[in-house]
Each structure stands twice: as structure tokens, then as C-alpha cells.
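Enquirer: So that you have it, the file is my_file-v2.pdb, and it contains PDB, C-alpha atoms:
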ATOM      1  CA  GLU A   1     -70.308  10.612 178.860  1.00  0.00           C
ATOM      2  CA  MET A   2     -66.570  10.162 178.750  1.00  0.00           C
ATOM      3  CA  SER A   3     -64.833  11.967 175.941  1.00  0.00           C
ATOM      4  CA  MET A   4     -62.789   9.722 173.698  1.00  0.00           C
ATOM      5  CA  SER A   5     -61.026  12.631 172.032  1.00  0.00           C
ATOM      6  CA  HIS A   6     -57.682  11.682 173.560  1.00  0.00           C
ATOM      7  CA  HIS A   7     -57.679   8.538 171.414  1.00  0.00           C
ATOM      8  CA  THR A   8     -58.033  10.346 168.103  1.00  0.00           C
ATOM      9  CA  SER A   9     -54.850  11.064 166.241  1.00  0.00           C
ATOM     10  CA  THR A  10     -54.262  13.094 163.126  1.00  0.00           C
ATOM     11  CA  ALA A  11     -52.811  11.540 160.007  1.00  0.00           C
ATOM     12  CA  ARG A  12     -49.742  13.635 160.731  1.00  0.00           C
ATOM     13  CA  GLU A  13     -49.191  11.797 164.026  1.00  0.00           C
ATOM     14  CA  ALA A  14     -49.816   8.415 162.459  1.00  0.00           C
ATOM     15  CA  ASN A  15     -46.246   8.257 161.194  1.00  0.00           C
ATOM     16  CA  VAL A  16     -44.575   7.978 164.569  1.00  0.00           C
ATOM     17  CA  GLN A  17     -40.875   8.753 164.471  1.00  0.00           C
ATOM     18  CA  SER A  18     -38.765   5.994 165.926  1.00  0.00           C
ATOM     19  CA  SER A  19     -35.165   4.973 165.762  1.00  0.00           C
ATOM     20  CA  GLY A  20     -34.607   2.180 163.290  1.00  0.00           C
ATOM     21  CA  GLY A  21     -37.308   3.329 160.917  1.00  0.00           C
ATOM     22  CA  ASP A  22     -40.768   4.768 161.194  1.00  0.00           C
ATOM     23  CA  ILE A  23     -43.861   2.766 161.928  1.00  0.00           C
ATOM     24  CA  ASP A  24     -47.002   3.773 160.046  1.00  0.00           C
ATOM     25  CA  ILE A  25     -50.094   3.011 162.123  1.00  0.00           C
ATOM     26  CA  SER A  26     -52.553   4.906 159.944  1.00  0.00           C
ATOM     27  CA  SER A  27     -54.329   1.854 158.474  1.00  0.00           C
ATOM     28  CA  ALA A  28     -58.096   2.061 158.974  1.00  0.00           C
ATOM     29  CA  GLU A  29     -58.237  -1.739 158.627  1.00  0.00           C
ATOM     30  CA  VAL A  30     -55.908  -2.117 161.622  1.00  0.00           C
ATOM     31  CA  GLU A  31     -58.004   0.272 163.672  1.00  0.00           C
ATOM     32  CA  SER A  32     -61.270  -1.536 162.922  1.00  0.00           C
ATOM     33  CA  ALA A  33     -59.761  -4.967 163.644  1.00  0.00           C
ATOM     34  CA  ILE A  34     -58.541  -3.761 167.065  1.00  0.00           C
ATOM     35  CA  GLN A  35     -61.942  -2.173 167.723  1.00  0.00           C
ATOM     36  CA  ALA A  36     -63.669  -5.452 166.868  1.00  0.00           C
ATOM     37  CA  VAL A  37     -61.467  -7.403 169.301  1.00  0.00           C
ATOM     38  CA  ARG A  38     -62.192  -4.794 171.957  1.00  0.00           C
ATOM     39  CA  THR A  39     -65.968  -5.235 171.561  1.00  0.00           C
ATOM     40  CA  PRO A  40     -67.313  -7.944 173.906  1.00  0.00           C
ATOM     41  CA  GLY A  41     -69.444 -10.490 172.089  1.00  0.00           C
ATOM     42  CA  SER A  42     -68.166  -9.518 168.643  1.00  0.00           C
ATOM     43  CA  ASP A  43     -67.199 -12.346 166.316  1.00  0.00           C
ATOM     44  CA  VAL A  44     -63.582 -11.179 166.249  1.00  0.00           C
ATOM     45  CA  ARG A  45     -61.730 -12.529 169.274  1.00  0.00           C
ATOM     46  CA  TRP A  46     -58.211 -11.804 168.020  1.00  0.00           C
ATOM     47  CA  ALA A  47     -56.222  -9.906 165.442  1.00  0.00           C
ATOM     48  CA  VAL A  48     -52.647 -10.463 164.293  1.00  0.00           C
ATOM     49  CA  LEU A  49     -50.803  -7.445 162.909  1.00  0.00           C
ATOM     50  CA  GLY A  50     -47.627  -7.361 160.884  1.00  0.00           C
ATOM     51  CA  TYR A  51     -45.718  -5.207 158.402  1.00  0.00           C
ATOM     52  CA  GLU A  52     -46.266  -4.764 154.690  1.00  0.00           C
ATOM     53  CA  GLY A  53     -43.121  -6.307 153.246  1.00  0.00           C
ATOM     54  CA  ASN A  54     -40.010  -4.645 154.638  1.00  0.00           C
ATOM     55  CA  THR A  55     -41.781  -1.366 155.228  1.00  0.00           C
ATOM     56  CA  GLY A  56     -42.894   0.056 158.547  1.00  0.00           C
ATOM     57  CA  LYS A  57     -46.544   0.068 157.491  1.00  0.00           C
ATOM     58  CA  LEU A  58     -48.685  -1.882 159.930  1.00  0.00           C
ATOM     59  CA  LYS A  59     -51.305  -4.190 158.413  1.00  0.00           C
ATOM     60  CA  VAL A  60     -53.787  -6.839 159.524  1.00  0.00           C
ATOM     61  CA  VAL A  61     -52.370 -10.288 158.812  1.00  0.00           C
ATOM     62  CA  GLU A  62     -55.442 -12.175 160.004  1.00  0.00           C
ATOM     63  CA  SER A  63     -58.260 -11.947 162.501  1.00  0.00           C
ATOM     64  CA  GLY A  64     -60.659 -14.574 163.737  1.00  0.00           C
ATOM     65  CA  ASP A  65     -63.122 -15.807 166.308  1.00  0.00           C
ATOM     66  CA  GLY A  66     -61.424 -19.078 167.225  1.00  0.00           C
ATOM     67  CA  PRO A  67     -59.211 -20.077 170.142  1.00  0.00           C
ATOM     68  CA  LEU A  68     -55.666 -18.981 170.931  1.00  0.00           C
ATOM     69  CA  GLU A  69     -54.349 -21.907 168.852  1.00  0.00           C
ATOM     70  CA  ASP A  70     -55.773 -20.256 165.722  1.00  0.00           C
ATOM     71  CA  LEU A  71     -54.043 -17.001 166.564  1.00  0.00           C
ATOM     72  CA  LYS A  72     -50.756 -18.860 167.109  1.00  0.00           C
ATOM     73  CA  ASP A  73     -51.026 -20.453 163.656  1.00  0.00           C
ATOM     74  CA  GLU A  74     -50.699 -16.979 162.139  1.00  0.00           C
ATOM     75  CA  LEU A  75     -47.407 -16.149 163.877  1.00  0.00           C
ATOM     76  CA  SER A  76     -44.410 -16.750 161.618  1.00  0.00           C
ATOM     77  CA  ASP A  77     -41.005 -17.787 162.862  1.00  0.00           C
ATOM     78  CA  GLY A  78     -39.273 -15.268 160.616  1.00  0.00           C
ATOM     79  CA  LYS A  79     -41.531 -12.313 161.310  1.00  0.00           C
ATOM     80  CA  ILE A  80     -42.460  -9.676 163.840  1.00  0.00           C
ATOM     81  CA  HIS A  81     -46.128  -9.639 164.797  1.00  0.00           C
ATOM     82  CA  TYR A  82     -48.279  -7.764 167.280  1.00  0.00           C
ATOM     83  CA  ALA A  83     -51.436  -9.544 168.354  1.00  0.00           C
ATOM     84  CA  TYR A  84     -54.481  -8.567 170.371  1.00  0.00           C
ATOM     85  CA  TRP A  85     -56.686 -11.212 171.957  1.00  0.00           C
ATOM     86  CA  ARG A  86     -59.928 -10.987 173.938  1.00  0.00           C
ATOM     87  CA  ALA A  87     -59.005 -13.845 176.234  1.00  0.00           C
ATOM     88  CA  VAL A  88     -62.080 -13.525 178.440  1.00  0.00           C
ATOM     89  CA  ASP A  89     -65.283 -12.682 176.595  1.00  0.00           C
ATOM     90  CA  SER A  90     -67.800 -11.405 179.119  1.00  0.00           C
ATOM     91  CA  GLN A  91     -69.238  -8.211 180.538  1.00  0.00           C
ATOM     92  CA  ALA A  92     -65.800  -7.761 182.084  1.00  0.00           C
ATOM     93  CA  PRO A  93     -63.604  -8.792 179.161  1.00  0.00           C
ATOM     94  CA  LYS A  94     -59.881  -9.358 179.576  1.00  0.00           C
ATOM     95  CA  PHE A  95     -57.389  -8.537 176.875  1.00  0.00           C
ATOM     96  CA  VAL A  96     -53.905  -9.761 176.075  1.00  0.00           C
ATOM     97  CA  TYR A  97     -51.350  -7.908 173.961  1.00  0.00           C
ATOM     98  CA  ILE A  98     -48.721 -10.143 172.355  1.00  0.00           C
ATOM     99  CA  SER A  99     -45.472  -8.807 170.991  1.00  0.00           C
ATOM    100  CA  TRP A 100     -44.042 -11.579 168.791  1.00  0.00           C
ATOM    101  CA  VAL A 101     -40.467 -11.709 167.504  1.00  0.00           C
ATOM    102  CA  GLY A 102     -39.974 -15.074 165.849  1.00  0.00           C
ATOM    103  CA  ASP A 103     -36.720 -16.900 166.558  1.00  0.00           C
ATOM    104  CA  GLY A 104     -35.883 -16.547 162.861  1.00  0.00           C
ATOM    105  CA  VAL A 105     -36.165 -12.752 162.701  1.00  0.00           C
ATOM    106  CA  PRO A 106     -32.861 -11.153 161.596  1.00  0.00           C
ATOM    107  CA  ALA A 107     -31.141  -9.222 164.381  1.00  0.00           C
ATOM    108  CA  VAL A 108     -31.389  -5.955 162.457  1.00  0.00           C
ATOM    109  CA  ARG A 109     -35.204  -6.248 162.381  1.00  0.00           C
ATOM    110  CA  LYS A 110     -35.453  -7.412 166.011  1.00  0.00           C
ATOM    111  CA  GLY A 111     -34.404  -3.958 167.182  1.00  0.00           C
ATOM    112  CA  LEU A 112     -37.581  -2.461 165.725  1.00  0.00           C
ATOM    113  CA  VAL A 113     -39.705  -4.139 168.348  1.00  0.00           C
ATOM    114  CA  ASN A 114     -38.343  -2.054 171.211  1.00  0.00           C
ATOM    115  CA  THR A 115     -39.764   1.146 169.740  1.00  0.00           C
ATOM    116  CA  HIS A 116     -42.511  -0.149 167.458  1.00  0.00           C
ATOM    117  CA  GLY A 117     -43.943  -2.581 170.005  1.00  0.00           C
ATOM    118  CA  HIS A 118     -44.266   0.251 172.496  1.00  0.00           C
ATOM    119  CA  ILE A 119     -46.044   2.434 169.940  1.00  0.00           C
ATOM    120  CA  VAL A 120     -48.440  -0.368 168.986  1.00  0.00           C
ATOM    121  CA  ALA A 121     -49.225  -0.949 172.688  1.00  0.00           C
ATOM    122  CA  HIS A 122     -49.897   2.729 173.431  1.00  0.00           C
ATOM    123  CA  LYS A 123     -51.332   4.083 170.188  1.00  0.00           C
ATOM    124  CA  VAL A 124     -52.999   1.102 168.526  1.00  0.00           C
ATOM    125  CA  VAL A 125     -54.044  -1.501 171.092  1.00  0.00           C
ATOM    126  CA  LYS A 126     -54.336   0.964 174.008  1.00  0.00           C
ATOM    127  CA  HIS A 127     -56.141  -1.331 176.432  1.00  0.00           C
ATOM    128  CA  PHE A 128     -54.944  -4.677 177.772  1.00  0.00           C
ATOM    129  CA  HIS A 129     -54.470  -6.513 181.047  1.00  0.00           C
ATOM    130  CA  VAL A 130     -51.365  -8.555 180.281  1.00  0.00           C
ATOM    131  CA  GLN A 131     -48.541  -8.197 177.788  1.00  0.00           C
ATOM    132  CA  ILE A 132     -46.669 -11.251 176.579  1.00  0.00           C
ATOM    133  CA  ASN A 133     -43.348 -10.949 174.781  1.00  0.00           C
ATOM    134  CA  ALA A 134     -43.007 -14.157 172.788  1.00  0.00           C
ATOM    135  CA  ARG A 135     -40.326 -15.712 170.604  1.00  0.00           C
ATOM    136  CA  ASN A 136     -41.953 -19.048 169.915  1.00  0.00           C
ATOM    137  CA  SER A 137     -45.242 -20.803 170.555  1.00  0.00           C
ATOM    138  CA  ASP A 138     -43.984 -22.238 173.865  1.00  0.00           C
ATOM    139  CA  ASP A 139     -44.124 -18.667 175.192  1.00  0.00           C
ATOM    140  CA  LEU A 140     -47.862 -18.624 174.482  1.00  0.00           C
ATOM    141  CA  ASP A 141     -49.200 -21.246 176.836  1.00  0.00           C
ATOM    142  CA  GLU A 142     -52.899 -20.592 177.348  1.00  0.00           C
ATOM    143  CA  ALA A 143     -53.053 -21.922 180.918  1.00  0.00           C
ATOM    144  CA  ALA A 144     -50.092 -19.748 181.938  1.00  0.00           C
ATOM    145  CA  ILE A 145     -51.607 -16.672 180.306  1.00  0.00           C
ATOM    146  CA  MET A 146     -54.948 -17.253 182.035  1.00  0.00           C
ATOM    147  CA  LYS A 147     -53.148 -17.505 185.369  1.00  0.00           C
ATOM    148  CA  LYS A 148     -51.482 -14.143 184.713  1.00  0.00           C
ATOM    149  CA  LEU A 149     -54.844 -12.647 183.779  1.00  0.00           C
ATOM    150  CA  GLN A 150     -56.262 -13.788 187.100  1.00  0.00           C
ATOM    151  CA  SER A 151     -53.462 -12.133 189.013  1.00  0.00           C
ATOM    152  CA  ALA A 152     -54.087  -8.980 186.962  1.00  0.00           C
ATOM    153  CA  ALA A 153     -57.791  -9.114 187.851  1.00  0.00           C
ATOM    154  CA  GLY A 154     -59.297  -5.732 188.453  1.00  0.00           C
ATOM    155  CA  SER A 155     -56.320  -3.865 187.090  1.00  0.00           C
ATOM    156  CA  SER A 156     -55.819  -3.064 183.471  1.00  0.00           C
ATOM    157  CA  TYR A 157     -53.450  -1.039 181.395  1.00  0.00           C
ATOM    158  CA  ASP A 158     -55.127   1.873 179.711  1.00  0.00           C
ATOM    159  CA  SER A 159     -53.293   4.546 177.745  1.00  0.00           C
ATOM    160  CA  GLY A 160     -51.433   6.774 180.138  1.00  0.00           C
ATOM    161  CA  ASP A 161     -51.944   4.637 183.220  1.00  0.00           C
ATOM    162  CA  SER A 162     -49.280   2.022 183.785  1.00  0.00           C
ATOM    163  CA  ARG A 163     -50.524   0.731 187.128  1.00  0.00           C
ATOM    164  CA  GLY A 164     -51.364  -2.928 187.082  1.00  0.00           C
ATOM    165  CA  ILE A 165     -49.615  -3.796 183.833  1.00  0.00           C
ATOM    166  CA  ILE A 166     -47.840  -7.127 183.891  1.00  0.00           C
ATOM    167  CA  ILE A 167     -44.970  -7.481 181.474  1.00  0.00           C
ATOM    168  CA  GLU A 168     -43.896 -11.013 180.772  1.00  0.00           C
ATOM    169  CA  LYS A 169     -40.349 -11.268 179.467  1.00  0.00           C
TER     170      LYS A 169
END
For this file, produce the structure as C-alpha cells.
Expert:
Amino acid sequence: EMSMSHHTSTAREANVQSSGGDIDISSAEVESAIQAVRTPGSDVRWAVLGYEGNTGKLKVVESGDGPLEDLKDELSDGKIHYAYWRAVDSQAPKFVYISWVGDGVPAVRKGLVNTHGHIVAHKVVKHFHVQINARNSDDLDEAAIMKKLQSAAGSSYDSGDSRGIIIEK
């Protein structure tokens, strides 16, 4: 049996130092929402994360079992969101990580995404086939994402292994 110990982090590590303010990824609610998305056949297909107010504390904005359109409805123009979506629900599920910086986000907040988005990818989401960096809903075209998932077939990003990751700017 494979040890999962490398995924556990102490509360001390949960406050990851980053330039432009810390991000606090210690929320148990966030962890269970991501776990639910990661579980094939579960009734949570996606989760949208955001910040509590102007703090760096990560929270679950919404999660659901509907299509990508439902996920997109939760993404605000003036906010930064990180979303995780089980795009293909099967024995070989495929996952998409979305880093969302709405067009209306103030420049001073936009800078957070460079460090925070990386931390969310590596320490929170941990496992995805394609990453999409989106500014508006046009960047989240389902057909285009599915095409990228096909070209990423057989390769996935897993913590510590960057082979096969497709970054969409």
C-alpha cells in the first residue's frame, strides 16, 4: 500500500509564507471539498475556493455536482478564485485546476495569484491533468478544455512530478 504521509502537513506548515501576504490553507472544509472532487463517483464534481474577506484564509465558496456552467456561475469578476473540477468522471477520472483572476480584480490583489495559486496547486489540489489560468468565462470553454484533457491523456500532474502538466495562459 502506498504511503500517503507525504501529503500530510502540520498546522505549522499550513500558513505558507509568500510575498504579498500569507495564504492560510488550513481549513478542514477546503480539504474535504477537494477530497470529494477527487473521489470518482462522488456527488461533488467541482469546488470553488476563495478568500475570507481581504484575508489570506482560503475557504470554500461553493461546491456542486452540476456541469462546468454551474462552476462558472460562482466565479466573480472582482475576485480571485481557485477551482477544482472532475471533468471526466470514470475509473480513470480527469481533473482540471482553474486559477481565476477576474478582470475586475485590483492590480494589488492580482499579484497574490503568482505565489498563492502555486501553493494551492501543490499543497491543496495536488493532482490535476490540466491547469487553466482564466480571467473571464470565455477562457473556460468546455470543448477547448476537453481537447486539452485529451492531449494530456495518460499524463497527470501529481505533487512533485511536473511531467505532463499543461499550463494554459
Enquirer: Neighbours of Val101 in chain A within 12 Å (only C-alpha atoms; same-chain residues fewer than 2 positions away dropped), as a VMD selection string?
Expert: chain A and resid 50 75 to 83 98 to 99 103 to 114 116 to 117 132 to 137 139 169
Enquirer: Emit the selected residues as a CSV table (one decimal), in the frame of the given file, including C-alpha atoms.
Expert:
chain,number,residue,atom,x,y,z
A,50,GLY,CA,-47.6,-7.4,160.9
A,75,LEU,CA,-47.4,-16.1,163.9
A,76,SER,CA,-44.4,-16.8,161.6
A,77,ASP,CA,-41.0,-17.8,162.9
A,78,GLY,CA,-39.3,-15.3,160.6
A,79,LYS,CA,-41.5,-12.3,161.3
A,80,ILE,CA,-42.5,-9.7,163.8
A,81,HIS,CA,-46.1,-9.6,164.8
A,82,TYR,CA,-48.3,-7.8,167.3
A,83,ALA,CA,-51.4,-9.5,168.4
A,98,ILE,CA,-48.7,-10.1,172.4
A,99,SER,CA,-45.5,-8.8,171.0
A,103,ASP,CA,-36.7,-16.9,166.6
A,104,GLY,CA,-35.9,-16.5,162.9
A,105,VAL,CA,-36.2,-12.8,162.7
A,106,PRO,CA,-32.9,-11.2,161.6
A,107,ALA,CA,-31.1,-9.2,164.4
A,108,VAL,CA,-31.4,-6.0,162.5
A,109,ARG,CA,-35.2,-6.2,162.4
A,110,LYS,CA,-35.5,-7.4,166.0
A,111,GLY,CA,-34.4,-4.0,167.2
A,112,LEU,CA,-37.6,-2.5,165.7
A,113,VAL,CA,-39.7,-4.1,168.3
A,114,ASN,CA,-38.3,-2.1,171.2
A,116,HIS,CA,-42.5,-0.1,167.5
A,117,GLY,CA,-43.9,-2.6,170.0
A,132,ILE,CA,-46.7,-11.3,176.6
A,133,ASN,CA,-43.3,-10.9,174.8
A,134,ALA,CA,-43.0,-14.2,172.8
A,135,ARG,CA,-40.3,-15.7,170.6
A,136,ASN,CA,-42.0,-19.0,169.9
A,137,SER,CA,-45.2,-20.8,170.6
A,139,ASP,CA,-44.1,-18.7,175.2
A,169,LYS,CA,-40.3,-11.3,179.5
Enquirer: Extract, using all atoms listed in the file, all DNA, RNA and protein residues at most 8 Å from Val60 in chain A, discarding same-chain residues fewer than 4 positions from it, and format them as a ChimeraX atom specification.
Expert: /A:29-30,33,47-50
Enquirer: Ranking A:Asp141, A:Val44, A:Trp85, A:Gly56 by minimum distance to Thr115 in chain A and counting only C-alpha atoms, which one comes first?
Expert: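 Residue with the minimum atom-to-atom distance to Thr115 in chain A: A:Gly56.
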Enquirer: With the PyMOL selection byres ((chain A and resi 63) around 6) as the selection, what would be picked from this file? Answer as a count of residues only, please.
Expert: 4
Enquirer: Using the chain letters and numbers from the file, which residues does the PyMOL selection byres ((chain A and resi 149) around 9) grab, as a ChimeraX atom specification?
Expert: /A:87,94-96,129-130,144-148,150-153,166
Enquirer: For CA of Glu69 in chain A and CA of Asp138 in chain A, quote the distance in Å rounded to one decimal.
Expert: 11.5 Å
Enquirer: Considering all atoms listed in the file, can you say which of A:Leu58, A:Ile23, A:Pro67, A:Ala28 comes closest to Val88 in chain A?
Expert: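 Closest to Val88 in chain A, using all atoms listed in the file: A:Pro67.
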